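**Q** For reference, the file upload_28.txt (compact mmCIF, C-alpha atoms) is included below:
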# COMPACT_ATOMS: atom_id res chain seq x y z
CA MET B 5 -7.14 -21.39 -19.91
CA LEU B 6 -7.40 -18.74 -17.22
CA PRO B 7 -6.34 -15.20 -18.19
CA VAL B 8 -2.88 -14.29 -16.93
CA LEU B 9 -2.82 -11.72 -14.14
CA ILE B 10 -1.24 -8.35 -14.84
CA PHE B 11 0.85 -6.85 -12.08
CA PRO B 12 -1.07 -3.88 -10.59
CA GLN B 13 1.00 -0.73 -10.87
CA PHE B 14 1.21 0.22 -7.21
CA ASP B 15 2.64 3.59 -6.27
CA PRO B 16 5.89 2.80 -4.39
CA VAL B 17 5.36 6.01 -2.38
CA MET B 18 2.98 5.50 0.53
CA VAL B 19 2.83 9.12 1.70
CA HIS B 20 3.88 12.17 -0.29
CA VAL B 21 3.18 15.51 1.43
CA GLY B 22 5.35 18.34 0.15
CA PRO B 23 8.99 17.36 0.61
CA LEU B 24 8.00 14.43 2.85
CA VAL B 25 8.16 11.09 1.05
CA ILE B 26 7.61 7.77 2.83
CA ARG B 27 7.90 4.68 0.67
CA TRP B 28 6.25 1.34 1.34
CA TYR B 29 9.67 -0.27 1.71
CA ALA B 30 10.68 2.20 4.42
CA MET B 31 7.34 1.69 6.17
CA ALA B 32 7.94 -2.08 6.16
CA TYR B 33 11.23 -1.54 8.03
CA ILE B 34 9.66 0.94 10.47
CA THR B 35 6.66 -1.30 11.20
CA ALA B 36 8.85 -4.39 11.66
CA LEU B 37 11.18 -2.61 14.08
CA LEU B 38 8.38 -1.12 16.18
CA VAL B 39 6.17 -4.21 16.35
CA GLY B 40 9.22 -6.43 16.82
CA TRP B 41 10.38 -4.23 19.69
CA ARG B 42 7.08 -4.75 21.53
CA LEU B 43 7.13 -8.51 20.96
CA VAL B 44 10.74 -8.83 22.15
CA ARG B 45 9.76 -6.94 25.31
CA HIS B 46 7.23 -9.71 25.97
CA LEU B 47 9.63 -12.53 25.09
CA VAL B 48 12.48 -11.40 27.36
CA ARG B 49 10.14 -11.53 30.36
CA LEU B 50 9.55 -15.25 29.92
CA ALA B 51 11.58 -17.47 32.22
CA PRO B 52 14.52 -17.67 32.23
CA ARG B 53 14.53 -13.91 31.82
CA ALA B 54 16.96 -12.68 29.16
CA ALA B 55 16.92 -8.88 29.65
CA THR B 56 14.94 -5.98 31.08
CA ASP B 57 12.39 -3.91 29.22
CA VAL B 58 14.72 -0.91 29.33
CA GLN B 59 17.52 -2.93 27.75
CA VAL B 60 15.18 -3.99 24.94
CA ASP B 61 14.28 -0.33 24.42
CA ASP B 62 17.97 0.55 24.16
CA PHE B 63 18.64 -2.27 21.72
CA LEU B 64 16.09 -0.88 19.23
CA THR B 65 18.61 1.76 18.12
CA TRP B 66 21.38 -0.83 17.83
CA ALA B 67 19.13 -3.13 15.79
CA THR B 68 18.15 -0.30 13.43
CA LEU B 69 21.78 0.58 12.75
CA GLY B 70 22.69 -3.09 12.30
CA VAL B 71 19.91 -3.68 9.77
CA VAL B 72 20.53 -0.53 7.72
CA LEU B 73 24.33 -0.45 7.74
CA GLY B 74 24.74 -4.21 7.47
CA GLY B 75 22.10 -4.51 4.77
CA ARG B 76 23.70 -1.82 2.65
CA LEU B 77 27.29 -3.01 3.11
CA GLY B 78 26.21 -6.59 2.47
CA TYR B 79 24.61 -5.63 -0.85
CA ILE B 80 27.75 -3.76 -1.89
CA LEU B 81 30.16 -6.55 -0.94
CA PHE B 82 28.07 -9.58 -1.95
CA TYR B 83 26.40 -8.37 -5.11
CA GLN B 84 28.09 -5.38 -6.78
CA PRO B 85 31.56 -4.73 -5.29
CA ALA B 86 33.11 -3.65 -8.61
CA VAL B 87 30.41 -1.07 -9.28
CA TYR B 88 30.74 0.59 -5.89
CA LEU B 89 34.52 0.38 -5.97
CA ALA B 90 34.43 2.41 -9.18
CA HIS B 91 31.75 4.78 -7.82
CA PRO B 92 32.16 4.85 -4.00
CA LEU B 93 29.79 7.78 -3.46
CA ALA B 94 26.98 5.67 -4.92
CA ALA B 95 27.09 3.62 -1.72
CA LEU B 96 25.41 6.54 0.05
CA GLN B 97 22.52 6.66 -2.43
CA VAL B 98 20.27 4.29 -0.48
CA TRP B 99 17.17 5.84 -2.06
CA HIS B 100 18.04 3.95 -5.24
CA GLY B 101 17.62 0.65 -3.35
CA GLY B 102 20.13 -2.09 -2.75
CA MET B 103 19.83 -3.95 0.57
CA SER B 104 20.92 -7.48 1.40
CA PHE B 105 19.22 -9.61 4.03
CA HIS B 106 22.41 -11.59 4.63
CA GLY B 107 24.31 -8.34 5.19
CA GLY B 108 21.57 -7.08 7.50
CA ALA B 109 21.74 -10.34 9.45
CA LEU B 110 25.48 -9.94 9.93
CA GLY B 111 24.92 -6.34 11.01
CA VAL B 112 22.39 -7.39 13.65
CA ILE B 113 24.71 -10.18 14.87
CA VAL B 114 27.48 -7.61 15.38
CA ALA B 115 25.00 -5.31 17.14
CA LEU B 116 23.86 -8.19 19.38
CA ALA B 117 27.44 -9.12 20.27
CA LEU B 118 28.42 -5.55 21.18
CA PHE B 119 25.18 -4.79 23.01
CA THR B 120 25.14 -7.95 25.14
CA TRP B 121 28.85 -7.56 25.99
CA ARG B 122 28.31 -3.96 27.03
CA ASN B 123 25.26 -4.81 29.16
CA GLY B 124 26.53 -8.08 30.63
CA LEU B 125 23.81 -10.17 28.99
CA SER B 126 23.93 -13.66 27.55
CA PHE B 127 24.61 -13.29 23.83
CA LEU B 128 22.79 -16.50 22.92
CA GLY B 129 19.96 -16.00 25.41
CA PHE B 130 19.17 -12.50 24.17
CA SER B 131 19.66 -13.49 20.52
CA ASP B 132 17.11 -16.27 20.97
CA ARG B 133 14.40 -13.76 21.85
CA VAL B 134 15.31 -11.28 19.11
CA THR B 135 15.44 -13.80 16.27
CA VAL B 136 11.90 -14.98 17.00
CA VAL B 137 10.47 -11.75 15.57
CA VAL B 138 12.84 -11.30 12.60
CA PRO B 139 10.64 -13.30 10.16
CA MET B 140 7.88 -10.75 10.65
CA GLY B 141 10.15 -8.07 9.22
CA LEU B 142 11.16 -10.36 6.37
CA GLY B 143 7.54 -10.95 5.43
CA LEU B 144 6.72 -7.24 5.44
CA GLY B 145 9.83 -6.50 3.39
CA ARG B 146 8.85 -9.03 0.72
CA ILE B 147 5.37 -7.55 0.50
CA ALA B 148 7.02 -4.16 -0.05
CA ASN B 149 9.15 -5.74 -2.80
CA PHE B 150 5.94 -6.90 -4.47
CA ILE B 151 4.36 -3.45 -4.19
CA ASN B 152 7.49 -1.99 -5.79
CA GLY B 153 7.25 -4.52 -8.63
CA GLU B 154 10.82 -5.73 -8.05
CA LEU B 155 12.60 -9.06 -7.45
CA TRP B 156 10.03 -10.86 -9.58
CA GLY B 157 10.03 -14.57 -10.24
CA ARG B 158 11.12 -16.83 -13.07
CA PRO B 159 8.89 -17.54 -16.06
CA ALA B 160 5.83 -19.59 -15.10
CA PRO B 161 3.34 -21.58 -17.20
CA ALA B 162 0.37 -19.48 -18.25
CA SER B 163 -1.89 -22.19 -16.81
CA LEU B 164 -0.71 -21.33 -13.30
CA PRO B 165 -3.69 -19.49 -11.75
CA TRP B 166 -1.51 -16.88 -10.04
CA ALA B 167 1.06 -16.44 -12.82
CA MET B 168 1.60 -12.72 -13.31
CA VAL B 169 3.02 -10.43 -15.97
CA PHE B 170 5.41 -7.85 -14.55
CA PRO B 171 5.59 -5.12 -17.22
CA GLN B 172 9.22 -4.27 -16.40
CA ALA B 173 10.19 -7.93 -16.83
CA GLY B 174 8.70 -8.45 -20.27
CA PRO B 175 5.47 -9.98 -21.59
CA GLU B 176 5.84 -13.54 -20.29
CA PRO B 177 3.99 -14.64 -17.13
CA ARG B 178 6.13 -15.14 -14.03
CA HIS B 179 5.95 -16.49 -10.51
CA PRO B 180 5.13 -13.77 -7.95
CA SER B 181 8.11 -14.98 -5.96
CA GLU B 182 7.99 -12.01 -3.60
CA LEU B 183 4.72 -13.41 -2.22
CA TYR B 184 6.21 -16.90 -1.95
CA GLU B 185 9.00 -15.41 0.17
CA ALA B 186 6.56 -13.38 2.27
CA LEU B 187 4.72 -16.62 3.02
CA LEU B 188 7.66 -18.95 3.71
CA GLU B 189 10.32 -16.59 5.09
CA GLY B 190 7.71 -14.49 6.84
CA LEU B 191 4.46 -16.05 7.99
CA VAL B 192 5.49 -19.73 8.14
CA LEU B 193 8.89 -19.14 9.75
CA PHE B 194 7.47 -16.63 12.25
CA SER B 195 4.71 -19.09 13.23
CA VAL B 196 7.23 -21.88 13.80
CA MET B 197 9.55 -19.62 15.80
CA TRP B 198 6.72 -18.28 17.96
CA ILE B 199 5.30 -21.72 18.74
CA VAL B 200 8.71 -23.18 19.63
CA ALA B 201 9.63 -20.12 21.72
CA ARG B 202 6.59 -20.72 23.94
CA ARG B 203 8.16 -23.93 25.25
CA PRO B 204 10.13 -23.37 28.50
CA ALA B 205 12.31 -26.42 27.79
CA ILE B 206 13.54 -24.74 24.59
CA ARG B 207 14.14 -21.36 26.23
CA GLU B 208 16.33 -23.12 28.79
CA ARG B 209 18.77 -24.05 26.02
CA PRO B 210 20.43 -20.82 24.86
CA GLY B 211 21.21 -20.75 21.17
CA PHE B 212 18.51 -23.17 20.01
CA LEU B 213 16.04 -20.53 18.82
CA ALA B 214 18.76 -18.49 17.11
CA GLY B 215 19.95 -21.65 15.38
CA LEU B 216 16.41 -22.57 14.38
CA PHE B 217 15.96 -19.17 12.77
CA LEU B 218 19.23 -19.37 10.82
CA PHE B 219 18.49 -22.89 9.60
CA GLY B 220 14.81 -22.20 8.91
CA TYR B 221 15.53 -19.06 6.94
CA ALA B 222 18.25 -20.78 4.91
CA VAL B 223 15.83 -23.56 3.93
CA ALA B 224 12.93 -21.19 3.16
CA ARG B 225 15.10 -18.81 1.13
CA SER B 226 16.73 -21.64 -0.81
CA ILE B 227 13.31 -23.01 -1.78
CA CYS B 228 12.04 -19.60 -2.85
CA GLU B 229 15.19 -18.98 -4.89
CA CYS B 230 14.05 -21.82 -7.16
CA PHE B 231 11.19 -19.54 -8.30
CA ARG B 232 12.94 -16.14 -8.12
CA GLU B 233 14.69 -14.63 -11.13
CA PRO B 234 18.39 -14.17 -10.31
CA ASP B 235 19.81 -10.65 -10.37
CA ALA B 236 20.59 -9.74 -13.96
CA PHE B 237 24.13 -8.60 -13.13
CA ILE B 238 24.93 -11.99 -11.51
CA GLY B 239 22.73 -14.58 -13.18
CA PHE B 240 22.99 -18.25 -12.38
CA LEU B 241 26.05 -19.66 -10.66
CA PRO B 242 27.52 -23.17 -11.18
CA PHE B 243 25.02 -26.06 -11.04
CA GLY B 244 22.15 -23.61 -11.55
CA THR B 245 22.45 -22.12 -8.07
CA THR B 246 21.93 -18.46 -7.20
CA MET B 247 23.85 -16.07 -4.98
CA GLY B 248 21.02 -16.20 -2.44
CA GLN B 249 21.34 -19.98 -2.16
CA ILE B 250 25.13 -19.82 -1.85
CA LEU B 251 24.87 -17.30 0.99
CA CYS B 252 22.35 -19.56 2.74
CA ILE B 253 24.81 -22.47 3.01
CA PRO B 254 26.87 -20.99 5.89
CA MET B 255 23.63 -19.89 7.56
CA ALA B 256 22.24 -23.42 7.48
CA ILE B 257 25.50 -24.88 8.81
CA ALA B 258 25.71 -22.31 11.60
CA GLY B 259 22.07 -22.82 12.51
CA ALA B 260 22.36 -26.61 12.67
CA GLY B 261 25.51 -26.26 14.77
CA LEU B 262 23.86 -23.89 17.24
CA MET B 263 20.86 -26.20 17.68
CA ALA B 264 23.10 -29.24 18.15
CA GLN B 265 25.27 -27.49 20.75
CA ALA B 266 22.20 -26.18 22.58
CA MET B 267 20.79 -29.69 22.89
CA MET B 268 24.10 -31.17 24.03
CA ARG B 269 24.65 -28.60 26.79
CA PRO B 270 22.84 -29.01 30.13
CA ALA B 271 19.57 -27.12 30.23
CA ARG B 272 19.53 -23.93 32.26
CA PRO B 273 16.84 -24.63 34.88
CA VAL B 274 14.07 -22.15 35.60
CA LEU B 275 14.56 -21.17 39.22
CA MET B 276 11.83 -18.57 39.48
CA PRO B 277 8.86 -17.35 37.46
CA ALA B 278 9.34 -14.61 34.92
CA LEU B 279 9.83 -11.21 36.56
CA PRO B 280 7.27 -8.45 36.08
CA ALA B 281 7.93 -5.72 33.57
CA ASP B 282 10.23 -2.99 34.90
CA SER B 283 8.73 -0.20 32.79
CA PRO B 284 5.31 0.59 31.31
What is this file in structure tokens?
**A**
Amino acid sequence: MLPVLIFPQFDPVMVHVGPLVIRWYAMAYITALLVGWRLVRHLVRLAPRAATDVQVDDFLTWATLGVVLGGRLGYILFYQPAVYLAHPLAALQVWHGGMSFHGGALGVIVALALFTWRNGLSFLGFSDRVTVVVPMGLGLGRIANFINGELWGRPAPASLPWAMVFPQAGPEPRHPSELYEALLEGLVLFSVMWIVARRPAIRERPGFLAGLFLFGYAVARSICECFREPDAFIGFLPFGTTMGQILCIPMAIAGAGLMAQAMMRPARPVLMPALPADSP
């Protein structure tokens, strides 16, 4: 039998200089937003063009607010509403953790709706380009979860070569479910989104890529939830489901609906090649 791996005690703080503290989790968000911003700049230039470079630059602030505010409010409402109702000021203590992807997704959807309305852009067309890069942020976030030694997996057989003991979770070996999620929700989903987004016939059908992301994430997250330990304050729900899987049901339905509608509508023809960038 192979020896069980012991979780390496990573320092959750990446940089600590005087009063300045930058944690790995914060760096994952920062990196995802900055790299995603550059990739979206490239994607919107592809025909049919969805926005200008300057508009993508402006949306970076909207996306940041949508992720942070939506992620925090989603965690409060979906996971621990009673706790924060009793202690409302605790909602401001983001340094203690507590972010929800589903809440962050809703926050970004609201930001997309307001931004595209204000700038006269196609909501679905612009959303298609933005959602392509979201899995990259998800993957980085899950790696940060692993570094922090949080959101560990369910008990695993000791014979599993990569079974790992998380000291804070007890002595039994567990699945490193954070890495499973980084792989499926991050690398695999991003690769699929990027490959499909390169096809002009798909870009001509607004809403398909956004629907593919919603459906793909719901499937990937639901699979990973089978290996992830449920939150202790929620536990398992009826039929052995988890809160993460329940929240993925409306995402999967919405994603399938968007893809179906996109395929049923007439394609938007490409009348001209992609325009050159309008800023350096």
**Q** Choose the residue, out of B:Ala264, B:Ala167, B:Met31, B:Met140, that has the smallest atom-to-atom separation from Val19 (chain B); count all atoms listed in the file.
**A** B:Met31
**Q** Pick from B:Arg202, B:Leu188, B:Arg269, B:Ala256: nearest to Phe219 (chain B), with all atoms listed in the file counted?
**A** B:Ala256
**Q** Work out how far CA of Ala160 (chain B) is from CA of Gln172 (chain B), in Å to one decimal.
**A** 15.7 Å
**Q** Write out as a PyMOL selection string the residues lying within 7 Å of Gly211 (chain B), counting only C-alpha atoms and excluding same-chain residues fewer than 6 positions away.
**A** chain B and resi 128-129+132+262-263+266
**Q** May I ask which of the residues B:Glu233, B:Ala30, B:Met255, B:Gln265 is the closest one to Gly107 (chain B), counting all atoms listed in the file?
**A** B:Met255
**Q** In Å, how far is it from CA of Ser181 (chain B) to CA of Gly157 (chain B)?
**A** 4.7 Å
**Q** Which protein, DNA or RNA residues are at most 12 Å from (3.4, -7.6, 2.9) in the file's coordinates when you count all atoms listed in the file, listed as a PyMOL selection string?
**A** chain B and resi 28-29+31-33+35-36+139-152+182-187+189-191
**Q** Please save C-alpha atoms of the selected residues as a PDB file, in the frame of the given file.
**A**
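To be explicit, this is the file written out as out-v3.pdb:
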ATOM      1  CA  TRP B  28       6.250   1.340   1.340  1.00  0.00           C
ATOM      2  CA  TYR B  29       9.670  -0.270   1.710  1.00  0.00           C
ATOM      3  CA  MET B  31       7.340   1.690   6.170  1.00  0.00           C
ATOM      4  CA  ALA B  32       7.940  -2.080   6.160  1.00  0.00           C
ATOM      5  CA  TYR B  33      11.230  -1.540   8.030  1.00  0.00           C
ATOM      6  CA  THR B  35       6.660  -1.300  11.200  1.00  0.00           C
ATOM      7  CA  ALA B  36       8.850  -4.390  11.660  1.00  0.00           C
ATOM      8  CA  PRO B 139      10.640 -13.300  10.160  1.00  0.00           C
ATOM      9  CA  MET B 140       7.880 -10.750  10.650  1.00  0.00           C
ATOM     10  CA  GLY B 141      10.150  -8.070   9.220  1.00  0.00           C
ATOM     11  CA  LEU B 142      11.160 -10.360   6.370  1.00  0.00           C
ATOM     12  CA  GLY B 143       7.540 -10.950   5.430  1.00  0.00           C
ATOM     13  CA  LEU B 144       6.720  -7.240   5.440  1.00  0.00           C
ATOM     14  CA  GLY B 145       9.830  -6.500   3.390  1.00  0.00           C
ATOM     15  CA  ARG B 146       8.850  -9.030   0.720  1.00  0.00           C
ATOM     16  CA  ILE B 147       5.370  -7.550   0.500  1.00  0.00           C
ATOM     17  CA  ALA B 148       7.020  -4.160  -0.050  1.00  0.00           C
ATOM     18  CA  ASN B 149       9.150  -5.740  -2.800  1.00  0.00           C
ATOM     19  CA  PHE B 150       5.940  -6.900  -4.470  1.00  0.00           C
ATOM     20  CA  ILE B 151       4.360  -3.450  -4.190  1.00  0.00           C
ATOM     21  CA  ASN B 152       7.490  -1.990  -5.790  1.00  0.00           C
ATOM     22  CA  GLU B 182       7.990 -12.010  -3.600  1.00  0.00           C
ATOM     23  CA  LEU B 183       4.720 -13.410  -2.220  1.00  0.00           C
ATOM     24  CA  TYR B 184       6.210 -16.900  -1.950  1.00  0.00           C
ATOM     25  CA  GLU B 185       9.000 -15.410   0.170  1.00  0.00           C
ATOM     26  CA  ALA B 186       6.560 -13.380   2.270  1.00  0.00           C
ATOM     27  CA  LEU B 187       4.720 -16.620   3.020  1.00  0.00           C
ATOM     28  CA  GLU B 189      10.320 -16.590   5.090  1.00  0.00           C
ATOM     29  CA  GLY B 190       7.710 -14.490   6.840  1.00  0.00           C
ATOM     30  CA  LEU B 191       4.460 -16.050   7.990  1.00  0.00           C
TER      31      LEU B 191
END
**Q** Could you check the closest approach to Leu9 (chain B) for each of B:Trp156, B:Phe170, B:Phe127, B:Trp121 and tell me which residue wins, using all atoms listed in the file?
**A** B:Phe170
**Q** When you draw a straight line from CA of Tyr221 (chain B) to CA of Ser163 (chain B), how long is it in Å?
**A** 29.6 Å
**Q** Find the residue from B:Val138, B:Ile238, B:Val17, B:Leu69 that sits nearest to Ser195 (chain B); use all atoms listed in the file when measuring.
**A**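 The closest residue to Ser195 (chain B) is B:Val138.
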**Q** Leaving out Leu164 (chain B) and any residue of its chain fewer than 4 positions from it, which residues lie within 9 Å of it when counting all atoms listed in the file, given as a list in words?
**A**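 Result of the neighbour search: Leu6, Val8, Ala160, Met168 and His179 of chain B.
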**Q** Convert the current residue selection to file output with C-alpha atoms, as a PDB file, in the coordinates of the input.
**A**
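Result went into selection-v5.pdb, see below:
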ATOM      1  CA  LEU B   6      -7.400 -18.740 -17.220  1.00  0.00           C
ATOM      2  CA  VAL B   8      -2.880 -14.290 -16.930  1.00  0.00           C
ATOM      3  CA  ALA B 160       5.830 -19.590 -15.100  1.00  0.00           C
ATOM      4  CA  MET B 168       1.600 -12.720 -13.310  1.00  0.00           C
ATOM      5  CA  HIS B 179       5.950 -16.490 -10.510  1.00  0.00           C
TER       6      HIS B 179
END
**Q** Measuring between all atoms listed in the file, which one of B:Val169, B:Ala258, B:Val58, B:Ala222 shows the shortest distance to Gln13 (chain B)?
**A**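 Going through B:Val169, B:Ala258, B:Val58, B:Ala222 one by one, the smallest distance to Gln13 (chain B) is for B:Val169.
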**Q** Within 12 Å of (28.0, -15.1, -7.3), only C-alpha atoms: residues as a list in words?
**A**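 Residues close enough to count: Tyr79, Leu81, Phe82, Tyr83, Gln84, Pro85, Pro234, Asp235, Ala236, Phe237, Ile238, Gly239, Phe240, Leu241, Pro242, Phe243, Gly244, Thr245, Thr246, Met247, Gly248, Gln249, Ile250 and Leu251 of chain B.
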**Q** Residues at most 9 Å from Val71 (chain B), counting only C-alpha atoms, excluding those fewer than 4 positions away in the same chain, as a PyMOL selection string?
**A** chain B and resi 66-67+75-76+105+107-112
**Q** Would you export the selected residues with C-alpha atoms as an mmCIF file, in the frame of the given file, please?
**A**
data_model
loop_
_atom_site.group_PDB
_atom_site.id
_atom_site.type_symbol
_atom_site.label_atom_id
_atom_site.label_comp_id
_atom_site.auth_asym_id
_atom_site.auth_seq_id
_atom_site.Cartn_x
_atom_site.Cartn_y
_atom_site.Cartn_z
ATOM 1 C CA TRP B 66 21.380 -0.830 17.830
ATOM 2 C CA ALA B 67 19.130 -3.130 15.790
ATOM 3 C CA GLY B 75 22.100 -4.510 4.770
ATOM 4 C CA ARG B 76 23.700 -1.820 2.650
ATOM 5 C CA PHE B 105 19.220 -9.610 4.030
ATOM 6 C CA GLY B 107 24.310 -8.340 5.190
ATOM 7 C CA GLY B 108 21.570 -7.080 7.500
ATOM 8 C CA ALA B 109 21.740 -10.340 9.450
ATOM 9 C CA LEU B 110 25.480 -9.940 9.930
ATOM 10 C CA GLY B 111 24.920 -6.340 11.010
ATOM 11 C CA VAL B 112 22.390 -7.390 13.650
#
